[in-house]
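J.: The following file, my_file-v7.cif, comprises mmCIF, C-alpha atoms:
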```
data_entry
loop_
_atom_site.label_atom_id
_atom_site.label_comp_id
_atom_site.auth_asym_id
_atom_site.auth_seq_id
_atom_site.Cartn_x
_atom_site.Cartn_y
_atom_site.Cartn_z
CA MET A 12 25.06 102.69 20.23
CA TYR A 13 26.40 100.95 17.10
CA TYR A 14 29.92 101.72 18.23
CA ASP A 15 29.36 100.26 21.68
CA LEU A 16 27.54 97.17 20.41
CA THR A 17 30.26 96.39 17.89
CA ILE A 18 33.63 98.06 18.43
CA VAL A 19 33.59 98.25 22.22
CA GLN A 20 31.89 94.96 22.92
CA PHE A 21 33.64 92.89 20.25
CA THR A 22 37.03 94.27 21.25
CA LYS A 23 36.34 93.25 24.83
CA MET A 24 35.03 89.81 23.85
CA PHE A 25 38.08 89.20 21.64
CA SER A 26 40.26 90.03 24.60
CA ASN A 27 38.30 87.47 26.64
CA LEU A 28 38.61 84.97 23.79
CA ARG A 29 42.38 85.37 23.69
CA GLU A 30 42.58 84.56 27.38
CA ILE A 31 40.38 81.53 26.76
CA LEU A 32 42.82 80.39 24.05
CA ASN A 33 45.64 80.79 26.56
CA LYS A 34 43.74 78.62 29.02
CA ALA A 35 43.25 75.99 26.32
CA ALA A 36 46.98 75.98 25.67
CA ALA A 37 47.78 75.70 29.38
CA HIS A 38 45.29 72.86 29.77
CA ALA A 39 46.81 70.90 26.88
CA GLU A 40 50.28 71.43 28.29
CA ALA A 41 49.25 70.33 31.79
CA LYS A 42 47.54 67.23 30.42
CA LYS A 43 50.43 66.60 28.02
CA PHE A 44 48.39 66.44 24.82
CA ASP A 45 48.79 68.37 21.58
CA VAL A 46 46.65 71.52 21.69
CA ASN A 47 45.87 70.96 18.01
CA VAL A 48 43.49 68.23 19.17
CA LEU A 49 41.35 70.97 20.72
CA LEU A 50 41.66 73.19 17.64
CA ASN A 51 40.25 70.43 15.48
CA SER A 52 37.52 69.40 17.90
CA ARG A 53 33.84 69.88 17.20
CA LEU A 54 30.58 69.08 19.00
CA ALA A 55 29.01 67.16 16.11
CA PRO A 56 30.48 65.52 13.00
CA ASP A 57 28.68 68.00 10.73
CA GLN A 58 29.44 71.10 12.78
CA PHE A 59 32.44 73.39 12.21
CA ASN A 60 35.50 72.70 14.31
CA PHE A 61 37.06 75.09 16.83
CA ILE A 62 39.33 76.79 14.30
CA ARG A 63 36.42 77.53 11.99
CA GLN A 64 34.31 78.84 14.88
CA ILE A 65 37.06 81.35 15.71
CA GLN A 66 37.44 82.31 12.06
CA ILE A 67 33.71 83.00 11.76
CA THR A 68 33.63 84.92 15.04
CA CYS A 69 36.40 87.11 13.60
CA ASP A 70 34.65 87.52 10.26
CA THR A 71 31.30 88.36 11.83
CA ALA A 72 32.92 91.24 13.70
CA LYS A 73 35.16 92.40 10.87
CA LEU A 74 32.61 92.23 8.06
CA GLY A 75 29.80 93.46 10.28
CA VAL A 76 31.70 96.65 11.08
CA ALA A 77 32.96 97.05 7.50
CA ARG A 78 29.43 96.90 6.15
CA LEU A 79 27.82 99.06 8.82
CA THR A 80 30.39 101.79 8.23
CA GLY A 81 30.64 101.33 4.48
CA LYS A 82 34.42 101.00 4.88
CA THR A 83 34.76 97.69 3.10
CA ASP A 84 37.96 98.78 1.33
CA THR A 85 40.16 98.71 4.43
CA VAL A 86 38.91 95.41 5.85
CA PRO A 87 41.78 92.95 6.46
CA VAL A 88 41.75 89.84 4.27
CA HIS A 89 42.17 86.43 5.87
CA ALA A 90 42.73 83.25 3.86
CA ASP A 91 41.29 80.90 6.50
CA THR A 92 44.53 78.94 6.62
CA GLU A 93 45.13 79.02 10.39
CA THR A 94 46.20 75.67 11.83
CA THR A 95 47.86 76.70 15.11
CA LEU A 96 46.89 78.57 18.24
CA ALA A 97 49.47 81.26 17.46
CA GLU A 98 47.90 81.81 14.05
CA LEU A 99 44.44 82.09 15.61
CA GLN A 100 45.77 84.63 18.10
CA ALA A 101 47.29 86.61 15.24
CA ARG A 102 44.02 86.60 13.35
CA ILE A 103 42.12 87.86 16.37
CA GLN A 104 44.79 90.52 16.89
CA SER A 105 44.43 91.72 13.31
CA VAL A 106 40.67 92.10 13.78
CA GLN A 107 41.21 93.92 17.07
CA ASP A 108 43.61 96.27 15.26
CA TYR A 109 41.03 96.85 12.52
CA LEU A 110 38.28 97.59 15.07
CA ALA A 111 40.57 100.05 16.86
CA GLY A 112 40.52 102.31 13.79
CA PHE A 113 36.83 103.22 14.09
CA SER A 114 35.03 105.96 15.93
CA ALA A 115 31.33 106.36 16.72
CA ALA A 116 31.06 108.87 13.85
CA ASP A 117 31.90 106.14 11.34
CA PHE A 118 28.49 104.59 12.03
CA ALA A 119 26.55 107.78 11.22
CA ASN A 120 24.77 106.20 8.24
CA ALA A 121 24.52 102.67 9.60
CA ASP A 122 20.74 102.67 10.12
CA SER A 123 19.90 102.93 6.45
CA ILE A 124 22.91 101.38 4.76
CA LYS A 125 21.98 98.47 2.47
CA VAL A 126 23.81 95.27 3.29
CA THR A 127 23.95 92.66 0.54
CA ASN A 128 25.20 89.09 0.40
CA PRO A 129 25.53 86.75 -2.58
CA ARG A 130 23.51 84.16 -0.65
CA TRP A 131 20.57 86.53 -0.17
CA GLU A 132 19.39 86.29 -3.78
CA GLY A 133 19.36 89.99 -4.57
CA LYS A 134 17.65 91.01 -1.36
CA HIS A 135 19.28 93.20 1.26
CA LEU A 136 19.13 94.02 4.94
CA LEU A 137 19.06 97.56 6.27
CA GLY A 138 22.06 98.23 8.49
CA TYR A 139 19.94 98.41 11.61
CA ASP A 140 18.32 95.03 10.96
CA PHE A 141 21.67 93.58 9.94
CA LEU A 142 23.12 94.52 13.34
CA MET A 143 20.16 93.22 15.34
CA HIS A 144 19.29 90.03 13.47
CA HIS A 145 22.64 88.99 12.06
CA VAL A 146 25.82 90.51 13.51
CA ILE A 147 25.04 90.35 17.23
CA PRO A 148 23.39 86.88 17.33
CA ASN A 149 26.06 85.39 15.05
CA PHE A 150 28.99 86.86 16.91
CA TYR A 151 27.89 85.45 20.26
CA PHE A 152 26.81 82.17 18.66
CA HIS A 153 30.23 81.35 17.26
CA PHE A 154 32.09 82.65 20.32
CA THR A 155 29.91 80.52 22.59
CA THR A 156 30.24 77.46 20.36
CA ALA A 157 34.03 77.78 20.48
CA TYR A 158 33.81 78.10 24.27
CA ALA A 159 31.52 75.06 24.41
CA ILE A 160 33.96 72.94 22.39
CA LEU A 161 36.72 73.68 24.91
CA ARG A 162 34.38 73.20 27.88
CA HIS A 163 33.26 69.86 26.50
CA ASN A 164 36.89 68.80 26.23
CA GLY A 165 37.71 69.56 29.82
CA VAL A 166 39.24 73.03 29.66
CA ASP A 167 38.52 74.71 33.01
CA LEU A 168 36.46 77.70 31.88
CA GLY A 169 33.63 79.58 33.55
CA LYS A 170 31.18 82.34 32.75
CA LYS A 171 33.64 84.98 33.91
CA ASP A 172 36.08 83.92 31.21
CA TYR A 173 33.36 84.53 28.66
CA LEU A 174 31.95 87.77 30.05
CA GLY A 175 35.20 89.36 31.15
CA ALA A 176 35.41 92.38 33.44
CA MET A 177 32.22 94.20 34.36
CA PRO A 178 32.16 98.01 34.57
CA TYR A 179 30.78 98.04 38.12
CA LYS A 180 30.24 101.35 39.84
CA GLN A 181 30.53 101.88 43.58
CA MET B 22 17.20 100.73 20.72
CA TYR B 23 16.72 99.07 24.13
CA TYR B 24 13.30 97.89 23.05
CA ASP B 25 14.63 96.34 19.84
CA LEU B 26 17.65 94.74 21.51
CA THR B 27 15.53 93.16 24.24
CA ILE B 28 11.79 92.91 23.57
CA VAL B 29 11.91 92.48 19.79
CA GLN B 30 14.99 90.35 19.55
CA PHE B 31 14.33 88.16 22.60
CA THR B 32 10.74 87.56 21.52
CA LYS B 33 11.98 86.44 18.14
CA MET B 34 14.73 84.26 19.60
CA PHE B 35 12.26 82.63 22.00
CA SER B 36 10.06 81.82 19.04
CA ASN B 37 13.08 80.22 17.35
CA LEU B 38 13.88 78.37 20.58
CA ARG B 39 10.39 76.92 20.78
CA GLU B 40 10.74 75.54 17.26
CA ILE B 41 14.08 74.09 18.27
CA LEU B 42 12.39 72.36 21.22
CA ASN B 43 9.83 70.97 18.81
CA LYS B 44 12.62 69.60 16.65
CA ALA B 45 14.20 68.00 19.70
CA ALA B 46 10.90 66.30 20.50
CA ALA B 47 10.48 65.10 16.92
CA HIS B 48 14.04 63.78 16.90
CA ALA B 49 13.52 61.81 20.11
CA GLU B 50 10.27 60.38 18.78
CA ALA B 51 11.84 59.36 15.47
CA LYS B 52 14.76 57.73 17.24
CA LYS B 53 12.45 56.19 19.83
CA PHE B 54 14.16 57.53 22.92
CA ASP B 55 12.77 59.52 25.83
CA VAL B 56 13.16 63.25 25.13
CA ASN B 57 13.97 63.73 28.82
CA VAL B 58 17.40 62.32 28.00
CA LEU B 59 18.03 65.46 25.96
CA LEU B 60 16.57 67.72 28.64
CA ASN B 61 19.04 66.35 31.17
CA SER B 62 22.04 66.36 28.84
CA ARG B 63 25.01 68.64 29.29
CA LEU B 64 28.31 69.24 27.52
CA ALA B 65 30.49 68.77 30.59
CA PRO B 66 29.86 67.15 33.98
CA ASP B 67 30.18 70.50 35.75
CA GLN B 68 28.11 72.51 33.27
CA PHE B 69 24.36 73.16 33.60
CA ASN B 70 22.08 70.77 31.75
CA PHE B 71 19.68 71.68 28.96
CA ILE B 72 16.76 72.47 31.28
CA ARG B 73 18.88 74.87 33.32
CA GLN B 74 20.23 76.54 30.16
CA ILE B 75 16.65 77.27 29.07
CA GLN B 76 15.71 78.51 32.53
CA ILE B 77 18.65 80.92 32.55
CA THR B 78 17.92 82.10 29.01
CA CYS B 79 14.40 82.90 30.20
CA ASP B 80 15.60 84.62 33.35
CA THR B 81 18.20 86.68 31.54
CA ALA B 82 15.49 88.12 29.30
CA LYS B 83 12.85 88.49 32.00
CA LEU B 84 15.06 90.01 34.69
CA GLY B 85 17.02 92.06 32.18
CA VAL B 86 13.86 93.78 30.96
CA ALA B 87 12.43 94.09 34.49
CA ARG B 88 15.55 95.88 35.70
CA LEU B 89 16.04 98.09 32.66
CA THR B 90 12.45 99.33 32.91
CA GLY B 91 12.29 99.39 36.71
CA LYS B 92 9.14 97.25 36.52
CA THR B 93 10.35 94.52 38.79
CA ASP B 94 6.96 94.20 40.52
CA THR B 95 5.18 92.61 37.54
CA VAL B 96 7.90 90.12 36.62
CA PRO B 97 6.60 86.53 36.53
CA VAL B 98 8.01 84.21 39.18
CA HIS B 99 9.34 80.79 38.18
CA ALA B 100 10.27 78.10 40.68
CA ASP B 101 12.78 76.33 38.38
CA THR B 102 10.88 73.07 38.72
CA GLU B 103 10.46 72.25 35.02
CA THR B 104 11.17 68.62 34.17
CA THR B 105 9.36 68.20 30.84
CA LEU B 106 9.43 69.77 27.42
CA ALA B 107 5.85 70.99 27.87
CA GLU B 108 6.84 72.77 31.07
CA LEU B 109 9.79 74.42 29.35
CA GLN B 110 7.52 75.56 26.53
CA ALA B 111 5.12 77.02 29.12
CA ARG B 112 7.93 78.86 30.84
CA ILE B 113 9.13 80.37 27.58
CA GLN B 114 5.54 81.32 26.76
CA SER B 115 5.13 83.10 30.07
CA VAL B 116 8.26 85.15 29.40
CA GLN B 117 7.06 85.93 25.88
CA ASP B 118 3.76 87.11 27.40
CA TYR B 119 5.64 89.28 29.88
CA LEU B 120 7.80 90.82 27.15
CA ALA B 121 4.69 91.58 25.09
CA GLY B 122 3.53 94.04 27.76
CA PHE B 123 6.35 96.54 27.17
CA SER B 124 6.70 99.49 24.85
CA ALA B 125 9.78 101.47 23.86
CA ALA B 126 8.72 104.23 26.27
CA ASP B 127 9.18 101.86 29.20
CA PHE B 128 12.94 102.05 28.64
CA ALA B 129 13.08 105.85 28.87
CA ASN B 130 15.30 105.82 31.97
CA ALA B 131 17.23 102.66 31.18
CA ASP B 132 20.57 104.39 30.52
CA SER B 133 21.04 105.60 34.05
CA ILE B 134 19.08 103.08 36.09
CA LYS B 135 21.17 101.38 38.78
CA VAL B 136 21.12 97.61 38.56
CA THR B 137 22.14 95.73 41.69
CA ASN B 138 22.75 92.06 42.45
CA PRO B 139 23.45 90.37 45.79
CA ARG B 140 26.54 88.78 44.24
CA TRP B 141 28.01 92.16 43.26
CA GLU B 142 29.01 93.07 46.81
CA GLY B 143 27.22 96.41 46.98
CA LYS B 144 28.38 97.60 43.57
CA HIS B 145 26.00 98.30 40.69
CA LEU B 146 25.91 98.50 36.93
CA LEU B 147 24.34 101.37 35.05
CA GLY B 148 21.47 100.16 32.87
CA TYR B 149 23.38 100.84 29.69
CA ASP B 150 26.39 98.79 30.81
CA PHE B 151 24.09 96.08 32.17
CA LEU B 152 22.52 95.68 28.73
CA MET B 153 25.82 95.65 26.85
CA HIS B 154 28.02 93.62 29.17
CA HIS B 155 25.51 91.34 30.86
CA VAL B 156 22.06 90.91 29.31
CA ILE B 157 22.98 90.54 25.65
CA PRO B 158 26.08 88.32 26.02
CA ASN B 159 24.36 86.12 28.62
CA PHE B 160 21.14 85.68 26.67
CA TYR B 161 22.93 84.46 23.55
CA PHE B 162 25.37 82.41 25.60
CA HIS B 163 22.70 80.28 27.25
CA PHE B 164 20.59 80.02 24.11
CA THR B 165 23.61 78.87 22.11
CA THR B 166 24.69 76.43 24.81
CA ALA B 167 21.21 74.86 24.80
CA TYR B 168 21.41 74.64 21.01
CA ALA B 169 24.87 73.09 21.25
CA ILE B 170 23.66 70.42 23.68
CA LEU B 171 20.99 69.33 21.18
CA ARG B 172 23.38 69.57 18.25
CA HIS B 173 25.91 67.42 20.10
CA ASN B 174 23.20 64.82 20.68
CA GLY B 175 22.27 64.52 17.04
CA VAL B 176 19.26 66.82 16.72
CA ASP B 177 19.24 68.08 13.12
CA LEU B 178 19.58 71.83 13.66
CA GLY B 179 21.22 74.53 11.59
CA LYS B 180 22.03 78.21 11.85
CA LYS B 181 18.66 79.13 10.38
CA ASP B 182 16.91 77.49 13.33
CA TYR B 183 18.91 79.72 15.63
CA LEU B 184 18.67 82.98 13.68
CA GLY B 185 15.10 82.61 12.47
CA ALA B 186 13.57 84.76 9.74
CA MET B 187 15.54 87.70 8.41
CA PRO B 188 13.80 91.00 7.62
CA TYR B 189 15.12 91.11 4.06
CA LYS B 190 14.10 93.97 1.81
CA GLN B 191 13.73 93.70 -1.94
#
```
What would the structure in this file look like if it were written as structure tokens?
T.:
Amino acid sequence: MYYDLTIVQFTKMFSNLREILNKAAAHAEAKKFDVNVLLNSRLAPDQFNFIRQIQITCDTAKLGVARLTGKTDTVPVHADTETTLAELQARIQSVQDYLAGFSAADFANADSIKVTNPRWEGKHLLGYDFLMHHVIPNFYFHFTTAYAILRHNGVDLGKKDYLGAMPYKQ
Amino acid sequence: MYYDLTIVQFTKMFSNLREILNKAAAHAEAKKFDVNVLLNSRLAPDQFNFIRQIQITCDTAKLGVARLTGKTDTVPVHADTETTLAELQARIQSVQDYLAGFSAADFANADSIKVTNPRWEGKHLLGYDFLMHHVIPNFYFHFTTAYAILRHNGVDLGKKDYLGAMPYKQ
């Protein structure tokens, strides 16, 4: 289930996010304003802007998977220097490419792996708790906040853009 | 894992949400404005307001669990008539009470249960797909949107308010 909750779901959500970025670009073009205005928008003066929300969404997925699989050596490095929509798309693509390299078997030890963080003062989270309490809530938090920034600024988005295609059965 | 992804995690997030509502009330009191202004706020004219975001967060959890366990007969009914913070707190409480009645064994058949919806035109989702593609993304979406509405209106909230306590190990 680790694989489905991370690789499958994040890959799908990134695909949805890329379409949302395309809609933001189309909206800016139709309204004849610079799309960078959207990229630098935020919902509160002391909240991260759109670019940073996308960067953290990417990092939550990338580092979450790296830590849950123990494969931290192959994780792509990003310098957080994106300033354009094309650069954000490229960053998302690089995370999608990274996610594509995993199989369910890579998560075999995820339950009991110890996840550390310099900010956690020597404490750790077990992989299972890390997934439940950190990776999943954070991923959807930053994705939704990015969506909300665009929605607040008039981009014509709806729930379907966020959720993407549903695997309905007949 | 169904139990942890729904009952455990939603119960925790609802607890966080109730504290966030308390902070919204304290903020309104300190600034001497009617907290109902926050309850009726939204991020875009054609987006649901704060009250509706909370109602949907509640329903996503409640109906998600009811459908995944097949126990749709005991699900609490809510008329969506809340207009005050106290009523929203009571609604969240009633969902927390409902969630408290489940055990992991109740999800034994969740993988293959068929979830239907009048809007899905006769199609269905398997329980497993319903959890991954619908319940989890929607729950965090509406929670985060409610958070974002408060954040946008100056309520002093941070990521810790959203995530709540972490089960760190020494």
J.: Could you work out an axis-aligned box for segment 112-121 of chain A, taking every atom the file lists and adding 4 Å on each side, and report centre and edge lengths in Å to one decimal, as lines of an AutoDock Vina configuration file?
T.:
```
center_x = 32.5
center_y = 105.6
center_z = 12.5
size_x = 24.0
size_y = 14.6
size_z = 16.5
```
J.: Go through A:Val166, A:Ala37, A:Leu50, A:Val106 and flag the residue nearest chain B, using only C-alpha atoms for the distances.
T.: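 Distance minimum relative to chain B lands on A:Val166.
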J.: Give as a PyMOL selection string every residue of chain B that touches chain A within 8 Å, counting only C-alpha atoms.
T.: chain B and resi 25-26+30+64-65+143-147+150+153-155+158-159+161-162+165-166+169+172-175+184+187-191
J.: List as a PyMOL selection string the residues having at least one atom at most 9 Å from position (39.4, 81.0, 14.7) as given in the file, counting all atoms listed in the file.
T.: chain A and resi 50+61-69+91+93+96+98-100+102-103+157
J.: Work out how far apart atom CA of Lys42 of chain A and atom CA of Thr92 of chain A are and give it in Å to one decimal.
T.: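 That distance, rounded to one decimal, is 26.7 Å.
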J.: Could you tell me which of B:Thr90, B:Thr32, B:Asn57, B:Asn37 comes closest to Ala129 of chain B if we count all atoms listed in the file?
T.: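 Closest residue, counting all atoms listed in the file: B:Thr90.
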J.: If you measure from atom CA of Gln104 of chain A to atom CA of Phe44 of chain A, what distance in Å do you get, rounded to one decimal?
T.: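 Those two atoms sit 25.6 Å apart.
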J.: What is the distance, in Å and to one decimal place, between atom CA of Leu89 of chain B and atom CA of Asp127 of chain B?
T.: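 Going from atom CA of Leu89 of chain B over to atom CA of Asp127 of chain B covers 8.6 Å.
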J.: Compare B:Ala107, B:Asp94, B:Asp118, B:Asn138 by their minimum atom-to-atom distance to Asn43 of chain B, counting only C-alpha atoms, and give me the closest one.
T.: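 Under the stated criterion, the closest residue is B:Ala107.
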J.: Will you give me segment 84-179 of chain B, written with C-alpha atoms and laid out as a PDB file, in the first residue's frame?
T.:
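Just written: out_37.pdb:
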```
ATOM      1  CA  LEU B  84     -19.310   8.793   4.419  1.00  0.00           C
ATOM      2  CA  GLY B  85     -15.894   7.459   3.475  1.00  0.00           C
ATOM      3  CA  VAL B  86     -15.787   5.251   6.559  1.00  0.00           C
ATOM      4  CA  ALA B  87     -19.470   4.295   6.253  1.00  0.00           C
ATOM      5  CA  ARG B  88     -18.957   3.088   2.691  1.00  0.00           C
ATOM      6  CA  LEU B  89     -15.640   1.339   3.263  1.00  0.00           C
ATOM      7  CA  THR B  90     -17.106  -0.634   6.164  1.00  0.00           C
ATOM      8  CA  GLY B  91     -20.553  -1.113   4.643  1.00  0.00           C
ATOM      9  CA  LYS B  92     -22.058   0.338   7.832  1.00  0.00           C
ATOM     10  CA  THR B  93     -24.093   3.016   6.160  1.00  0.00           C
ATOM     11  CA  ASP B  94     -27.084   2.439   8.463  1.00  0.00           C
ATOM     12  CA  THR B  95     -25.437   3.923  11.575  1.00  0.00           C
ATOM     13  CA  VAL B  96     -23.949   7.004   9.918  1.00  0.00           C
ATOM     14  CA  PRO B  97     -25.050  10.237  11.632  1.00  0.00           C
ATOM     15  CA  VAL B  98     -27.260  12.511   9.562  1.00  0.00           C
ATOM     16  CA  HIS B  99     -26.439  16.223   9.317  1.00  0.00           C
ATOM     17  CA  ALA B 100     -28.779  18.776   7.787  1.00  0.00           C
ATOM     18  CA  ASP B 101     -26.024  21.257   6.817  1.00  0.00           C
ATOM     19  CA  THR B 102     -27.691  23.994   8.829  1.00  0.00           C
ATOM     20  CA  GLU B 103     -24.694  25.081  10.927  1.00  0.00           C
ATOM     21  CA  THR B 104     -24.299  28.847  11.194  1.00  0.00           C
ATOM     22  CA  THR B 105     -22.138  29.220  14.311  1.00  0.00           C
ATOM     23  CA  LEU B 106     -18.771  28.050  15.513  1.00  0.00           C
ATOM     24  CA  ALA B 107     -20.419  26.074  18.319  1.00  0.00           C
ATOM     25  CA  GLU B 108     -22.548  24.224  15.791  1.00  0.00           C
ATOM     26  CA  LEU B 109     -19.508  23.410  13.681  1.00  0.00           C
ATOM     27  CA  GLN B 110     -17.714  22.105  16.762  1.00  0.00           C
ATOM     28  CA  ALA B 111     -20.741  19.931  17.554  1.00  0.00           C
ATOM     29  CA  ARG B 112     -20.797  18.551  14.044  1.00  0.00           C
ATOM     30  CA  ILE B 113     -17.120  17.659  14.181  1.00  0.00           C
ATOM     31  CA  GLN B 114     -17.684  16.069  17.589  1.00  0.00           C
ATOM     32  CA  SER B 115     -20.497  13.920  16.251  1.00  0.00           C
ATOM     33  CA  VAL B 116     -18.240  12.646  13.463  1.00  0.00           C
ATOM     34  CA  GLN B 117     -15.447  11.989  15.956  1.00  0.00           C
ATOM     35  CA  ASP B 118     -17.937  10.000  18.052  1.00  0.00           C
ATOM     36  CA  TYR B 119     -18.997   8.036  14.990  1.00  0.00           C
ATOM     37  CA  LEU B 120     -15.391   7.257  14.037  1.00  0.00           C
ATOM     38  CA  ALA B 121     -14.682   6.082  17.589  1.00  0.00           C
ATOM     39  CA  GLY B 122     -17.100   3.173  17.102  1.00  0.00           C
ATOM     40  CA  PHE B 123     -14.969   1.393  14.488  1.00  0.00           C
ATOM     41  CA  SER B 124     -12.215  -1.169  14.759  1.00  0.00           C
ATOM     42  CA  ALA B 125      -9.716  -2.354  12.166  1.00  0.00           C
ATOM     43  CA  ALA B 126     -11.807  -5.502  11.663  1.00  0.00           C
ATOM     44  CA  ASP B 127     -14.667  -3.396  10.316  1.00  0.00           C
ATOM     45  CA  PHE B 128     -12.594  -2.746   7.199  1.00  0.00           C
ATOM     46  CA  ALA B 129     -12.050  -6.435   6.423  1.00  0.00           C
ATOM     47  CA  ASN B 130     -13.927  -6.257   3.108  1.00  0.00           C
ATOM     48  CA  ALA B 131     -12.997  -2.701   2.187  1.00  0.00           C
ATOM     49  CA  ASP B 132     -10.726  -3.623  -0.739  1.00  0.00           C
ATOM     50  CA  SER B 133     -13.477  -5.064  -2.867  1.00  0.00           C
ATOM     51  CA  ILE B 134     -16.558  -3.230  -1.655  1.00  0.00           C
ATOM     52  CA  LYS B 135     -18.410  -1.411  -4.439  1.00  0.00           C
ATOM     53  CA  VAL B 136     -18.915   2.275  -3.753  1.00  0.00           C
ATOM     54  CA  THR B 137     -21.638   3.998  -5.750  1.00  0.00           C
ATOM     55  CA  ASN B 138     -22.734   7.613  -6.086  1.00  0.00           C
ATOM     56  CA  PRO B 139     -25.744   9.066  -7.919  1.00  0.00           C
ATOM     57  CA  ARG B 140     -23.377  11.412  -9.765  1.00  0.00           C
ATOM     58  CA  TRP B 141     -21.286   8.525 -11.127  1.00  0.00           C
ATOM     59  CA  GLU B 142     -23.891   7.488 -13.696  1.00  0.00           C
ATOM     60  CA  GLY B 143     -24.169   3.852 -12.664  1.00  0.00           C
ATOM     61  CA  LYS B 144     -20.434   3.284 -12.380  1.00  0.00           C
ATOM     62  CA  HIS B 145     -18.707   2.396  -9.117  1.00  0.00           C
ATOM     63  CA  LEU B 146     -15.344   2.567  -7.420  1.00  0.00           C
ATOM     64  CA  LEU B 147     -13.785  -0.360  -5.626  1.00  0.00           C
ATOM     65  CA  GLY B 148     -13.231   0.434  -1.952  1.00  0.00           C
ATOM     66  CA  TYR B 149      -9.483   0.494  -2.361  1.00  0.00           C
ATOM     67  CA  ASP B 150      -9.619   2.998  -5.222  1.00  0.00           C
ATOM     68  CA  PHE B 151     -12.262   5.021  -3.386  1.00  0.00           C
ATOM     69  CA  LEU B 152      -9.911   5.437  -0.430  1.00  0.00           C
ATOM     70  CA  MET B 153      -6.876   6.342  -2.543  1.00  0.00           C
ATOM     71  CA  HIS B 154      -8.423   8.538  -5.209  1.00  0.00           C
ATOM     72  CA  HIS B 155     -11.372  10.066  -3.395  1.00  0.00           C
ATOM     73  CA  VAL B 156     -11.473   9.920   0.410  1.00  0.00           C
ATOM     74  CA  ILE B 157      -7.884  10.845   1.242  1.00  0.00           C
ATOM     75  CA  PRO B 158      -7.357  13.608  -1.349  1.00  0.00           C
ATOM     76  CA  ASN B 159     -10.783  15.133  -0.634  1.00  0.00           C
ATOM     77  CA  PHE B 160     -10.433  15.083   3.138  1.00  0.00           C
ATOM     78  CA  TYR B 161      -7.129  16.955   3.086  1.00  0.00           C
ATOM     79  CA  PHE B 162      -8.338  19.252   0.314  1.00  0.00           C
ATOM     80  CA  HIS B 163     -11.289  20.607   2.276  1.00  0.00           C
ATOM     81  CA  PHE B 164      -9.393  20.739   5.556  1.00  0.00           C
ATOM     82  CA  THR B 165      -6.575  22.689   3.914  1.00  0.00           C
ATOM     83  CA  THR B 166      -8.988  25.014   2.137  1.00  0.00           C
ATOM     84  CA  ALA B 167     -10.687  25.810   5.458  1.00  0.00           C
ATOM     85  CA  TYR B 168      -7.253  26.451   6.965  1.00  0.00           C
ATOM     86  CA  ALA B 169      -6.332  28.663   4.006  1.00  0.00           C
ATOM     87  CA  ILE B 170      -9.489  30.762   4.408  1.00  0.00           C
ATOM     88  CA  LEU B 171      -8.541  31.517   8.022  1.00  0.00           C
ATOM     89  CA  ARG B 172      -4.894  32.081   7.147  1.00  0.00           C
ATOM     90  CA  HIS B 173      -5.902  34.505   4.401  1.00  0.00           C
ATOM     91  CA  ASN B 174      -7.997  36.417   6.932  1.00  0.00           C
ATOM     92  CA  GLY B 175      -5.176  36.884   9.387  1.00  0.00           C
ATOM     93  CA  VAL B 176      -5.708  34.054  11.868  1.00  0.00           C
ATOM     94  CA  ASP B 177      -2.274  33.188  13.270  1.00  0.00           C
ATOM     95  CA  LEU B 178      -1.939  29.553  12.195  1.00  0.00           C
ATOM     96  CA  GLY B 179       1.070  27.475  11.242  1.00  0.00           C
TER      97      GLY B 179
END
```
